[in-house]
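Data from input_10.cif: mmCIF, C-alpha atoms
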```cif
data_run
loop_
_atom_site.label_atom_id
_atom_site.label_comp_id
_atom_site.auth_asym_id
_atom_site.auth_seq_id
_atom_site.Cartn_x
_atom_site.Cartn_y
_atom_site.Cartn_z
CA MET A 19 187.66 -149.57 190.74
CA MET A 20 189.51 -146.51 189.61
CA SER A 21 192.10 -144.80 191.74
CA MET A 22 192.74 -141.22 190.72
CA THR A 23 194.49 -138.19 192.11
CA CYS A 24 193.72 -134.92 190.35
CA HIS A 25 195.15 -131.47 190.57
CA ASN A 26 192.74 -129.16 188.81
CA LEU A 27 192.55 -125.40 189.02
CA ASP A 28 189.34 -123.49 188.34
CA PHE A 29 189.60 -120.13 186.59
CA GLY A 30 187.28 -117.22 187.21
CA PHE A 31 187.48 -113.47 187.21
CA THR A 32 188.58 -113.42 190.84
CA LYS A 33 191.10 -116.24 190.62
CA THR A 34 194.81 -116.12 189.91
CA VAL A 35 196.42 -116.53 186.53
CA PHE A 36 197.73 -119.91 187.63
CA ASP A 37 194.17 -121.19 187.26
CA LEU A 38 194.64 -121.32 183.49
CA TYR A 39 197.04 -124.24 183.65
CA ALA A 40 196.35 -127.88 183.12
CA CYS A 41 195.59 -130.34 185.84
CA GLY A 42 197.82 -133.36 186.31
CA CYS A 43 196.09 -136.65 186.77
CA SER A 44 197.62 -139.96 187.74
CA SER A 45 195.39 -142.94 187.30
CA ASN A 46 195.66 -146.70 187.10
CA ALA A 47 192.76 -146.67 184.67
CA ALA A 48 193.44 -146.87 180.97
CA PHE A 49 192.96 -143.51 179.33
CA CYS A 50 191.33 -144.26 176.03
CA ARG A 51 190.03 -141.73 173.56
CA SER A 52 190.34 -143.81 170.44
CA SER A 53 186.57 -144.30 170.35
CA VAL A 54 185.62 -140.82 171.51
CA ARG A 55 184.60 -139.73 168.06
CA ASN A 56 183.22 -142.95 166.56
CA TYR A 57 179.79 -141.95 165.43
CA ALA A 58 178.40 -142.04 161.93
CA LYS A 59 175.47 -140.78 159.92
CA SER A 60 172.39 -142.95 159.78
CA SER A 61 170.04 -142.94 156.79
CA SER A 62 168.10 -140.06 158.37
CA SER A 63 171.28 -137.94 158.52
CA SER A 64 171.40 -138.08 162.31
CA ARG A 65 174.54 -139.26 164.05
CA LYS A 66 174.64 -142.36 166.19
CA LEU A 67 177.17 -143.80 168.54
CA VAL A 68 179.15 -146.73 167.17
CA ASP A 69 181.64 -147.53 169.89
CA ARG A 70 182.54 -145.63 173.03
CA ARG A 71 184.51 -146.29 176.20
CA ARG A 72 185.37 -143.95 179.03
CA GLY A 73 188.55 -143.84 181.06
CA ILE A 74 188.25 -140.37 182.56
CA ALA A 75 187.15 -139.40 186.06
CA LEU A 76 185.88 -136.01 187.13
CA CYS A 77 188.44 -133.95 189.01
CA ARG A 78 188.08 -132.03 192.22
CA VAL A 79 190.04 -128.87 193.02
CA SER A 80 193.42 -129.26 194.73
CA SER A 81 196.77 -128.20 193.35
CA THR A 82 200.09 -129.48 194.56
CA LYS A 83 202.00 -128.15 191.55
CA THR A 84 204.56 -125.46 192.09
CA PRO A 85 204.30 -122.23 190.07
CA ALA A 86 207.45 -123.19 188.17
CA THR A 87 205.86 -126.46 187.08
CA LEU A 88 202.58 -124.80 186.15
CA LEU A 89 204.25 -122.09 184.11
CA SER A 90 206.79 -124.24 182.31
CA GLY A 91 204.55 -124.65 179.27
CA LYS A 92 205.65 -128.28 179.10
CA VAL A 93 203.44 -131.29 179.51
CA ALA A 94 203.75 -132.32 183.13
CA GLN A 95 204.47 -135.89 184.13
CA GLY A 96 201.30 -137.74 184.98
CA LEU A 97 199.15 -135.91 182.45
CA PRO A 98 197.10 -138.15 180.19
CA PRO A 99 198.63 -138.70 176.75
CA LEU A 100 197.97 -135.88 174.32
CA LEU A 101 195.51 -136.31 171.50
CA ASP A 102 197.10 -137.86 168.44
CA LEU A 103 195.03 -136.85 165.44
CA LYS A 104 196.89 -139.04 163.00
CA LYS A 105 196.09 -142.13 165.05
CA GLU A 106 192.63 -141.23 166.27
CA SER A 107 190.81 -139.10 163.73
CA ARG A 108 188.31 -140.94 161.58
CA GLY A 109 188.79 -138.38 158.83
CA SER A 110 188.75 -134.67 158.24
CA ILE A 111 186.18 -132.83 160.36
CA SER A 112 184.33 -129.84 158.94
CA LEU A 113 182.30 -127.20 160.71
CA LYS A 114 179.46 -127.94 158.31
CA SER A 115 179.25 -131.55 159.48
CA LEU A 116 179.52 -130.52 163.14
CA PHE A 117 176.77 -127.93 162.80
CA GLU A 118 174.46 -130.23 160.86
CA LEU A 119 172.94 -131.43 164.13
CA VAL A 120 171.80 -127.87 164.93
CA ALA A 121 171.29 -126.62 161.36
CA ASP A 122 167.63 -125.77 161.94
CA ASP A 123 168.53 -123.89 165.12
CA LEU A 124 171.17 -121.87 163.26
CA GLN A 125 168.81 -121.08 160.39
CA THR A 126 166.26 -119.69 162.84
CA LEU A 127 169.03 -117.73 164.56
CA ASN A 128 170.12 -116.10 161.28
CA GLN A 129 166.57 -114.99 160.54
CA ASN A 130 166.06 -113.62 164.04
CA LEU A 131 169.38 -111.73 164.03
CA GLN A 132 168.55 -109.78 160.90
CA SER A 133 165.11 -109.01 162.28
CA ILE A 134 166.47 -107.89 165.67
CA VAL A 135 169.18 -105.62 164.27
CA GLY A 136 167.46 -104.28 161.20
CA ALA A 137 163.92 -103.65 162.38
CA GLU A 138 164.58 -100.14 163.66
CA ASN A 139 166.18 -98.43 160.68
CA PRO A 140 166.68 -99.03 156.93
CA VAL A 141 170.40 -98.23 157.19
CA LEU A 142 170.81 -100.68 160.04
CA MET A 143 168.86 -103.24 158.04
CA SER A 144 171.30 -102.87 155.17
CA ALA A 145 174.24 -103.06 157.57
CA ALA A 146 172.70 -106.11 159.24
CA GLU A 147 172.46 -107.92 155.93
CA GLN A 148 176.13 -107.18 155.37
CA ILE A 149 177.12 -108.21 158.90
CA PHE A 150 175.17 -111.45 159.19
CA GLY A 151 175.42 -112.41 155.53
CA ALA A 152 179.22 -112.32 155.49
CA GLY A 153 179.73 -116.03 155.87
CA GLY A 154 180.55 -116.10 159.57
CA LYS A 155 181.22 -119.47 161.11
CA ARG A 156 178.55 -119.03 163.81
CA MET A 157 180.73 -121.15 166.07
CA ARG A 158 179.61 -119.49 169.31
CA PRO A 159 175.84 -119.88 168.83
CA ALA A 160 176.41 -123.40 167.50
CA LEU A 161 178.21 -124.22 170.73
CA VAL A 162 175.29 -122.77 172.68
CA PHE A 163 172.88 -125.03 170.80
CA LEU A 164 175.06 -128.14 171.10
CA VAL A 165 175.62 -127.67 174.84
CA SER A 166 171.94 -126.82 175.29
CA ARG A 167 170.83 -130.03 173.62
CA ALA A 168 173.50 -132.16 175.30
CA THR A 169 172.60 -130.90 178.78
CA ALA A 170 168.86 -130.86 178.10
CA GLU A 171 168.99 -134.66 177.99
CA LEU A 172 170.25 -134.66 181.58
CA ALA A 173 167.35 -132.46 182.66
CA GLY A 174 164.75 -134.42 180.72
CA LEU A 175 163.95 -131.57 178.33
CA LYS A 176 162.62 -132.66 174.96
CA GLU A 177 163.10 -129.30 173.23
CA LEU A 178 165.15 -126.16 173.68
CA THR A 179 163.64 -123.31 175.62
CA MET A 180 163.17 -119.74 174.42
CA GLU A 181 165.99 -118.80 176.80
CA HIS A 182 168.40 -121.16 175.06
CA ARG A 183 167.65 -119.58 171.69
CA ARG A 184 167.78 -116.02 172.96
CA LEU A 185 171.15 -116.71 174.61
CA ALA A 186 172.60 -117.86 171.28
CA GLU A 187 171.36 -114.64 169.63
CA ILE A 188 172.79 -112.49 172.41
CA ILE A 189 176.20 -114.17 172.20
CA GLU A 190 176.39 -113.72 168.43
CA MET A 191 175.37 -110.06 168.68
CA ILE A 192 178.06 -109.39 171.28
CA HIS A 193 180.70 -111.16 169.20
CA THR A 194 179.70 -109.41 165.97
CA ALA A 195 179.53 -105.97 167.62
CA SER A 196 183.04 -106.53 168.94
CA LEU A 197 184.28 -107.44 165.45
CA ILE A 198 182.71 -104.32 163.93
CA HIS A 199 184.40 -102.09 166.49
CA ASP A 200 187.70 -103.98 166.08
CA ASP A 201 187.59 -103.39 162.32
CA VAL A 202 187.09 -99.67 162.93
CA LEU A 203 189.99 -99.51 165.38
CA ASP A 204 192.26 -101.55 163.09
CA ASP A 205 191.03 -99.75 159.96
CA SER A 206 190.41 -103.15 158.36
CA ASN A 207 188.75 -103.03 154.96
CA MET A 208 187.97 -106.74 154.56
CA ARG A 209 186.57 -109.46 156.80
CA ARG A 210 185.60 -112.98 155.71
CA GLY A 211 186.37 -111.99 152.14
CA GLN A 212 183.92 -109.07 152.11
CA GLU A 213 184.13 -105.37 152.73
CA THR A 214 183.70 -104.38 156.36
CA VAL A 215 180.76 -102.31 157.57
CA HIS A 216 182.84 -99.19 158.13
CA GLN A 217 184.35 -99.52 154.66
CA MET A 218 180.90 -99.64 153.06
CA TYR A 219 178.94 -97.27 155.27
CA GLY A 220 181.57 -95.18 157.02
CA THR A 221 182.99 -95.16 160.52
CA ARG A 222 180.00 -93.40 162.08
CA VAL A 223 177.48 -96.01 160.91
CA ALA A 224 179.81 -98.86 161.87
CA VAL A 225 180.32 -97.55 165.41
CA LEU A 226 176.58 -96.95 165.83
CA ALA A 227 175.75 -100.39 164.43
CA GLY A 228 178.08 -102.00 166.97
CA ASP A 229 176.68 -99.86 169.77
CA PHE A 230 173.14 -100.74 168.71
CA MET A 231 173.91 -104.45 168.88
CA PHE A 232 175.46 -104.07 172.32
CA ALA A 233 172.34 -102.20 173.44
CA GLN A 234 169.98 -104.78 171.95
CA SER A 235 171.91 -107.65 173.52
CA SER A 236 171.72 -105.85 176.89
CA TRP A 237 167.94 -105.51 176.55
CA TYR A 238 167.39 -109.15 175.61
CA LEU A 239 169.76 -110.32 178.34
CA ALA A 240 167.83 -108.39 181.01
CA ASN A 241 164.58 -109.92 179.77
CA LEU A 242 165.94 -113.43 180.30
CA GLU A 243 165.37 -112.73 184.01
CA ASN A 244 168.08 -115.14 185.15
CA LEU A 245 170.46 -113.42 187.55
CA GLU A 246 173.25 -116.00 187.17
CA VAL A 247 173.32 -115.68 183.39
CA ILE A 248 172.95 -111.90 183.52
CA LYS A 249 176.00 -111.66 185.78
CA LEU A 250 177.88 -114.07 183.54
CA ILE A 251 177.21 -112.28 180.24
CA SER A 252 176.75 -108.64 181.24
CA GLN A 253 180.49 -108.09 181.70
CA PHE A 254 180.81 -108.24 177.90
CA ILE A 255 178.20 -105.60 177.12
CA THR A 256 177.98 -103.13 180.01
CA PRO A 257 179.21 -99.85 178.41
CA LEU A 258 181.35 -98.69 181.34
CA GLN A 259 182.85 -102.15 181.72
CA VAL A 260 183.62 -102.28 177.99
CA ILE A 261 185.34 -98.89 178.18
CA LYS A 262 187.27 -99.92 181.30
CA ASP A 263 188.39 -103.24 179.84
CA PHE A 264 189.27 -101.66 176.51
CA ALA A 265 191.39 -98.95 178.13
CA SER A 266 193.05 -101.44 180.46
CA GLY A 267 193.68 -103.89 177.63
CA GLU A 268 195.11 -101.26 175.34
CA ILE A 269 197.47 -100.03 178.07
CA LYS A 270 198.60 -103.57 178.88
CA GLN A 271 199.10 -104.42 175.23
CA ALA A 272 200.99 -101.21 174.52
CA SER A 273 203.26 -101.79 177.50
CA SER A 274 203.99 -105.37 176.44
CA LEU A 275 204.70 -104.73 172.76
CA PHE A 276 208.09 -106.17 171.75
CA ASP A 277 208.50 -107.33 175.38
CA CYS A 278 210.67 -110.43 175.19
CA ASP A 279 210.17 -111.05 178.92
CA LEU A 280 206.44 -111.69 178.47
CA LYS A 281 205.48 -114.77 180.48
CA LEU A 282 203.37 -117.64 179.22
CA GLU A 283 200.82 -117.02 181.98
CA GLU A 284 200.42 -113.42 180.81
CA TYR A 285 199.87 -114.58 177.24
CA LEU A 286 197.25 -117.11 178.36
CA LEU A 287 195.46 -114.56 180.49
CA LYS A 288 195.28 -112.19 177.52
CA SER A 289 194.02 -115.08 175.36
CA TYR A 290 191.36 -115.87 177.94
CA TYR A 291 189.95 -112.35 177.84
CA LYS A 292 190.34 -112.06 174.08
CA THR A 293 188.79 -115.36 173.02
CA ALA A 294 187.98 -117.90 175.72
CA SER A 295 185.94 -115.85 178.20
CA LEU A 296 182.92 -115.27 175.95
CA ILE A 297 182.93 -118.91 174.80
CA ALA A 298 183.09 -120.11 178.42
CA ALA A 299 180.26 -117.79 179.43
CA SER A 300 178.07 -118.98 176.55
CA THR A 301 178.58 -122.70 177.19
CA LYS A 302 177.90 -122.28 180.91
CA GLY A 303 174.85 -120.13 180.24
CA ALA A 304 173.43 -122.81 177.95
CA ALA A 305 173.78 -125.41 180.71
CA VAL A 306 172.18 -123.07 183.25
CA PHE A 307 169.06 -122.75 181.08
CA SER A 308 168.86 -126.53 180.83
CA GLY A 309 168.42 -126.62 184.60
CA VAL A 310 171.32 -128.98 185.36
CA ASP A 311 173.20 -128.78 188.65
CA SER A 312 176.14 -126.47 189.31
CA THR A 313 178.73 -129.23 188.89
CA ILE A 314 177.66 -129.67 185.27
CA THR A 315 177.41 -125.94 184.55
CA GLN A 316 180.94 -125.44 185.87
CA LYS A 317 182.23 -128.26 183.68
CA MET A 318 180.64 -126.58 180.68
CA TYR A 319 182.35 -123.33 181.65
CA GLU A 320 185.69 -125.16 181.81
CA TYR A 321 185.00 -126.78 178.45
CA GLY A 322 184.38 -123.41 176.83
CA LYS A 323 187.45 -121.90 178.49
CA ASN A 324 189.81 -124.67 177.40
CA LEU A 325 188.35 -124.85 173.90
CA GLY A 326 188.72 -121.08 173.54
CA LEU A 327 192.32 -121.14 174.72
CA ALA A 328 193.12 -123.98 172.32
CA PHE A 329 191.55 -122.02 169.44
CA GLN A 330 193.62 -118.94 170.24
CA VAL A 331 196.88 -120.91 170.44
CA VAL A 332 196.11 -122.58 167.11
CA ASP A 333 195.34 -119.20 165.51
CA ASP A 334 198.69 -117.93 166.76
CA ILE A 335 200.47 -120.97 165.30
CA LEU A 336 198.80 -120.45 161.92
CA ASP A 337 200.13 -116.89 161.88
CA PHE A 338 203.53 -118.53 161.29
CA THR A 339 202.65 -121.59 159.24
CA GLN A 340 200.08 -120.35 156.72
CA SER A 341 200.50 -118.07 153.76
CA ALA A 342 199.14 -114.54 153.53
CA GLU A 343 196.50 -115.83 151.09
CA GLN A 344 195.31 -118.44 153.57
CA LEU A 345 195.34 -116.04 156.50
CA GLY A 346 193.78 -113.11 154.70
CA LYS A 347 196.52 -110.92 156.17
CA PRO A 348 200.33 -110.86 156.05
CA ALA A 349 202.01 -113.82 157.77
CA GLY A 350 203.66 -112.89 161.06
CA SER A 351 201.42 -109.84 161.44
CA ASP A 352 201.21 -110.19 165.23
CA LEU A 353 204.98 -110.46 165.50
CA VAL A 354 205.70 -107.45 163.32
CA ASN A 355 203.33 -105.39 165.49
CA GLY A 356 205.10 -106.53 168.64
CA ASN A 357 202.38 -108.88 169.91
CA LEU A 358 204.31 -111.91 171.13
CA THR A 359 202.37 -115.17 171.10
CA ALA A 360 203.01 -118.73 172.30
CA PRO A 361 205.35 -119.83 169.44
CA VAL A 362 207.53 -116.76 170.00
CA ILE A 363 207.56 -117.10 173.79
CA PHE A 364 208.75 -120.69 173.50
CA ALA A 365 211.33 -119.92 170.79
CA LEU A 366 212.79 -117.10 172.89
CA GLU A 367 213.77 -119.67 175.50
CA GLU A 368 216.04 -121.36 172.96
CA GLU A 369 217.41 -118.61 170.70
CA PRO A 370 218.99 -115.39 172.11
CA LYS A 371 219.31 -113.94 168.62
CA LEU A 372 215.55 -113.81 168.33
CA ARG A 373 215.41 -111.43 171.29
CA ASP A 374 217.82 -109.05 169.60
CA ILE A 375 215.77 -108.99 166.40
CA ILE A 376 212.46 -108.40 168.21
CA GLU A 377 213.84 -105.71 170.50
CA SER A 378 215.19 -103.88 167.44
CA GLU A 379 211.55 -103.82 166.24
CA PHE A 380 212.64 -105.33 162.92
CA SER A 381 214.61 -102.28 161.91
CA GLU A 382 216.88 -104.25 159.55
CA PRO A 383 215.69 -105.34 156.09
CA GLY A 384 214.68 -109.01 156.12
CA SER A 385 214.70 -109.22 159.90
CA LEU A 386 211.02 -110.19 160.14
CA ASN A 387 211.50 -113.18 157.85
CA GLU A 388 214.59 -114.16 159.82
CA ALA A 389 212.62 -114.00 163.07
CA ILE A 390 209.84 -116.16 161.60
CA GLU A 391 212.37 -118.77 160.51
CA LEU A 392 213.97 -118.77 163.97
CA VAL A 393 210.59 -119.37 165.60
CA LYS A 394 210.09 -122.34 163.28
CA SER A 395 213.57 -123.79 163.69
CA CYS A 396 213.83 -123.41 167.49
CA GLY A 397 210.83 -125.57 168.38
CA GLY A 398 208.41 -122.71 169.01
CA ILE A 399 205.74 -124.18 166.73
CA GLU A 400 206.02 -127.69 168.18
CA ARG A 401 205.79 -126.53 171.78
CA ALA A 402 202.83 -124.31 170.99
CA GLN A 403 201.17 -127.34 169.38
CA GLU A 404 201.71 -129.26 172.62
CA LEU A 405 200.08 -126.41 174.53
CA ALA A 406 197.06 -126.42 172.21
CA LYS A 407 196.72 -130.18 172.56
CA GLU A 408 197.02 -129.94 176.33
CA LYS A 409 194.10 -127.50 176.44
CA ALA A 410 192.21 -129.77 174.03
CA ASP A 411 192.72 -132.73 176.37
CA LEU A 412 191.23 -130.72 179.22
CA ALA A 413 188.25 -129.71 177.09
CA ILE A 414 187.59 -133.37 176.22
CA GLN A 415 187.76 -134.31 179.89
CA ASN A 416 185.31 -131.54 180.81
CA LEU A 417 182.68 -133.21 178.59
CA GLN A 418 182.76 -136.60 180.31
CA CYS A 419 180.00 -135.53 182.71
CA LEU A 420 177.50 -135.48 179.84
CA PRO A 421 175.47 -138.48 178.67
CA GLU A 422 176.62 -140.13 175.48
CA SER A 423 174.87 -138.57 172.53
CA ALA A 424 175.50 -137.17 169.07
CA PHE A 425 175.51 -133.68 170.59
CA GLN A 426 178.18 -134.55 173.15
CA LEU A 427 180.32 -136.15 170.47
CA ALA A 428 179.92 -133.10 168.23
CA LEU A 429 181.29 -131.00 171.09
CA GLU A 430 184.29 -133.33 171.30
CA ASP A 431 184.75 -133.14 167.55
CA MET A 432 184.77 -129.35 167.80
CA VAL A 433 187.96 -129.77 169.84
CA LEU A 434 189.45 -132.08 167.22
CA TYR A 435 188.42 -129.82 164.35
CA ASN A 436 190.49 -127.06 165.90
CA LEU A 437 193.55 -129.30 166.25
CA GLU A 438 193.21 -130.54 162.68
CA ARG A 439 193.93 -126.98 161.54
CA ILE A 440 197.56 -127.53 162.60
CA ASP A 441 197.85 -131.23 161.80
#
```
Mind turning this structure into structure tokens?
Amino acid sequence: MMSMTCHNLDFGFTKTVFDLYACGCSSNAAFCRSSVRNYAKSSSSSRKLVDRRRGIALCRVSSTKTPATLLSGKVAQGLPPLLDLKKESRGSISLKSLFELVADDLQTLNQNLQSIVGAENPVLMSAAEQIFGAGGKRMRPALVFLVSRATAELAGLKELTMEHRRLAEIIEMIHTASLIHDDVLDDSNMRRGQETVHQMYGTRVAVLAGDFMFAQSSWYLANLENLEVIKLISQFITPLQVIKDFASGEIKQASSLFDCDLKLEEYLLKSYYKTASLIAASTKGAAVFSGVDSTITQKMYEYGKNLGLAFQVVDDILDFTQSAEQLGKPAGSDLVNGNLTAPVIFALEEEPKLRDIIESEFSEPGSLNEAIELVKSCGGIERAQELAKEKADLAIQNLQCLPESAFQLALEDMVLYNLERID
């Protein structure tokens, strides 16, 4: 018999920012993840389970943590041990291997996307080929397919529904439209090693292409005729909401540039809206279309949220640890623009000199490189790694409600793939 006390906080659009923080669980059960990822390819290229044990219980909502504890950014006492990739990983994980399980689904998605976007106009067709042929990772639709297939087993579905597939297309259109508009705003000439749409076709075509994809995704979303999913996804594509969020976000970002008093909770909230919210909505939507109960759909939302937060923290770490060639942009680009991320927030707690350099907006020659070195030497990277692993732990726990399958394990390996980027 397992005895467990859990303090877990749900996060939604009407909840407080404290909801982003990890739950603390105390249990007399062994917490074992060493076999979480032990599955291998069979001769038919499918993955099968080799060895698996569970030591995780589902958590109910009740927080006894104080705000100071929740916001400390440190791993609280009683939390399960963080993932140790060096001990647990069976080898390097690639997106290609993870997506192999849904390769046919992704191939169909790619064909449908070009047809959806390009059918109306030859210029849009050309732009669509550029957009969807640019080597994107397709992580979001792959997650939709993996969650769809993992939860379909619970509902007794033998095949994905049309709604599952349309949801994946909608999510990818929303994400891609956002990237096109971001490239216009940032005046970026390259993405994924290729010229951006606005560089090739001009700003007008790029803006219209993004708008067209938002409009198409709105149309297909409405035709899904599922009110829960419409409410969940529509916040990302409703024109007035997009304008409102953009204006609000730009004002908040402008007011927080070079702000050395930025709190970790504020950073995580911004990361949620920037990265995690769409992932969380897509994973929950996939579960909804499988017809599983609300407990499972909420766990899938939490999985997407925690995975998205972990991805953003890792991206922010790589901004300090990778070269400009690896990043495809100058190292420390967020810092030089005044966008303070987790490594900087943690380092500021240890090094007063870093504050002086940032508040001077790097006016002195060599000050940016000095700031980067201070972030590295003051433990900012290590503490940000702990934060990413903490979110990864939560994502792994969110998946324990699913039946054991290759799809469920691929979702867990998605979490580990992200952490391996900083290993």
key: Output of the PyMOL selection byres ((chain A and resi 425-427) around 7), listed as JSON, numbers by chain   = {"A": [55, 164, 167, 168, 420, 422, 423, 424, 428, 429, 430, 431]}
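Against this structure, the PyMOL selection byres ((chain A and resi 158) around 8) ends up with Arg156, Met157, Pro159, Ala160, Leu161, Val162, Ala186, Ile189, Glu190, Ile297 and Ser300 of chain A.
Those residues returned by the PyMOL selection byres ((chain A and resi 249) around 12) for this file are Phe31, Ser236, Leu239, Ala240, Leu242, Glu243, Asn244, Leu245, Glu246, Val247, Ile248, Leu250, Ile251, Ser252, Gln253, Phe254, Ile255, Thr256, Ala299, Ser300, Lys302 and Gly303 of chain A.
Near A:Val331, within 7 Å and counting only C-alpha atoms, sit Leu327, Ala328, Phe329, Asp333, Asp334, Ile335, Ala360, Ala402 and Ala406 of chain A; same-chain residues fewer than 2 positions away were not included.
Going from atom CA of A:Val393 to atom CA of A:Glu343 covers 20.5 Å.
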How big is the axis-aligned box, and where does its centre sit, when it encloses all atoms of stretch 336-340 of chain A listed in the file and has 8 Å added on every side, reported in Å to one decimal as AutoDock Vina command-line options?
```
--center_x 201.2 --center_y -119.2 --center_z 159.3 --size_x 20.7 --size_y 20.7 --size_z 21.2
```
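The two atoms in question, atom CA of A:Ala349 and atom CA of A:Ile390, are spaced 9.0 Å apart.
Closest approach to A:Phe232 among A:Thr315, A:Thr339, A:Gln217, A:Ser196 is made by A:Ser196 (distances from only C-alpha atoms).
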task = Mind giving me the straight-line distance from atom CA of A:Asp229 to atom CA of A:Ile198 in Å, one decimal?
result = 9.5 Å
As a PDB file, keeping the file's coordinate frame, please: stretch 290-304 of chain A completed to N, CA, C and O atoms.
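Saved result, rebuild.pdb, follows:
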```
ATOM      1  N   TYR A 290     192.643-115.590 177.277  1.00  0.00           N
ATOM      2  CA  TYR A 290     191.360-115.870 177.940  1.00  0.00           C
ATOM      3  C   TYR A 290     190.394-114.709 177.726  1.00  0.00           C
ATOM      4  O   TYR A 290     189.246-114.912 177.306  1.00  0.00           O
ATOM      5  N   TYR A 291     190.842-113.492 177.992  1.00  0.00           N
ATOM      6  CA  TYR A 291     189.950-112.350 177.840  1.00  0.00           C
ATOM      7  C   TYR A 291     189.615-112.068 176.380  1.00  0.00           C
ATOM      8  O   TYR A 291     188.512-111.622 176.054  1.00  0.00           O
ATOM      9  N   LYS A 292     190.547-112.345 175.495  1.00  0.00           N
ATOM     10  CA  LYS A 292     190.340-112.060 174.080  1.00  0.00           C
ATOM     11  C   LYS A 292     189.389-113.045 173.421  1.00  0.00           C
ATOM     12  O   LYS A 292     188.527-112.653 172.613  1.00  0.00           O
ATOM     13  N   THR A 293     189.506-114.316 173.752  1.00  0.00           N
ATOM     14  CA  THR A 293     188.790-115.360 173.020  1.00  0.00           C
ATOM     15  C   THR A 293     187.970-116.282 173.911  1.00  0.00           C
ATOM     16  O   THR A 293     186.797-116.540 173.649  1.00  0.00           O
ATOM     17  N   ALA A 294     188.581-116.791 174.969  1.00  0.00           N
ATOM     18  CA  ALA A 294     187.980-117.900 175.720  1.00  0.00           C
ATOM     19  C   ALA A 294     186.858-117.473 176.655  1.00  0.00           C
ATOM     20  O   ALA A 294     185.944-118.256 176.925  1.00  0.00           O
ATOM     21  N   SER A 295     186.905-116.239 177.161  1.00  0.00           N
ATOM     22  CA  SER A 295     185.940-115.850 178.200  1.00  0.00           C
ATOM     23  C   SER A 295     184.507-115.849 177.685  1.00  0.00           C
ATOM     24  O   SER A 295     183.598-116.338 178.371  1.00  0.00           O
ATOM     25  N   LEU A 296     184.273-115.306 176.497  1.00  0.00           N
ATOM     26  CA  LEU A 296     182.920-115.270 175.950  1.00  0.00           C
ATOM     27  C   LEU A 296     182.423-116.680 175.616  1.00  0.00           C
ATOM     28  O   LEU A 296     181.258-117.010 175.836  1.00  0.00           O
ATOM     29  N   ILE A 297     183.310-117.524 175.092  1.00  0.00           N
ATOM     30  CA  ILE A 297     182.930-118.910 174.800  1.00  0.00           C
ATOM     31  C   ILE A 297     182.559-119.635 176.081  1.00  0.00           C
ATOM     32  O   ILE A 297     181.552-120.356 176.146  1.00  0.00           O
ATOM     33  N   ALA A 298     183.360-119.451 177.132  1.00  0.00           N
ATOM     34  CA  ALA A 298     183.090-120.110 178.420  1.00  0.00           C
ATOM     35  C   ALA A 298     181.766-119.632 179.003  1.00  0.00           C
ATOM     36  O   ALA A 298     180.979-120.433 179.532  1.00  0.00           O
ATOM     37  N   ALA A 299     181.517-118.334 178.911  1.00  0.00           N
ATOM     38  CA  ALA A 299     180.260-117.790 179.430  1.00  0.00           C
ATOM     39  C   ALA A 299     179.064-118.345 178.668  1.00  0.00           C
ATOM     40  O   ALA A 299     178.013-118.650 179.259  1.00  0.00           O
ATOM     41  N   SER A 300     179.195-118.499 177.367  1.00  0.00           N
ATOM     42  CA  SER A 300     178.070-118.980 176.550  1.00  0.00           C
ATOM     43  C   SER A 300     177.784-120.452 176.809  1.00  0.00           C
ATOM     44  O   SER A 300     176.609-120.849 176.880  1.00  0.00           O
ATOM     45  N   THR A 301     178.817-121.268 176.944  1.00  0.00           N
ATOM     46  CA  THR A 301     178.580-122.700 177.190  1.00  0.00           C
ATOM     47  C   THR A 301     178.013-122.926 178.588  1.00  0.00           C
ATOM     48  O   THR A 301     177.147-123.781 178.779  1.00  0.00           O
ATOM     49  N   LYS A 302     178.476-122.154 179.564  1.00  0.00           N
ATOM     50  CA  LYS A 302     177.900-122.280 180.910  1.00  0.00           C
ATOM     51  C   LYS A 302     176.462-121.789 180.924  1.00  0.00           C
ATOM     52  O   LYS A 302     175.578-122.424 181.525  1.00  0.00           O
ATOM     53  N   GLY A 303     176.204-120.651 180.279  1.00  0.00           N
ATOM     54  CA  GLY A 303     174.850-120.130 180.240  1.00  0.00           C
ATOM     55  C   GLY A 303     173.869-121.112 179.633  1.00  0.00           C
ATOM     56  O   GLY A 303     172.736-121.261 180.112  1.00  0.00           O
ATOM     57  N   ALA A 304     174.290-121.808 178.583  1.00  0.00           N
ATOM     58  CA  ALA A 304     173.430-122.810 177.950  1.00  0.00           C
ATOM     59  C   ALA A 304     173.064-123.913 178.932  1.00  0.00           C
ATOM     60  O   ALA A 304     171.914-124.362 178.991  1.00  0.00           O
TER      61      ALA A 304
END
```
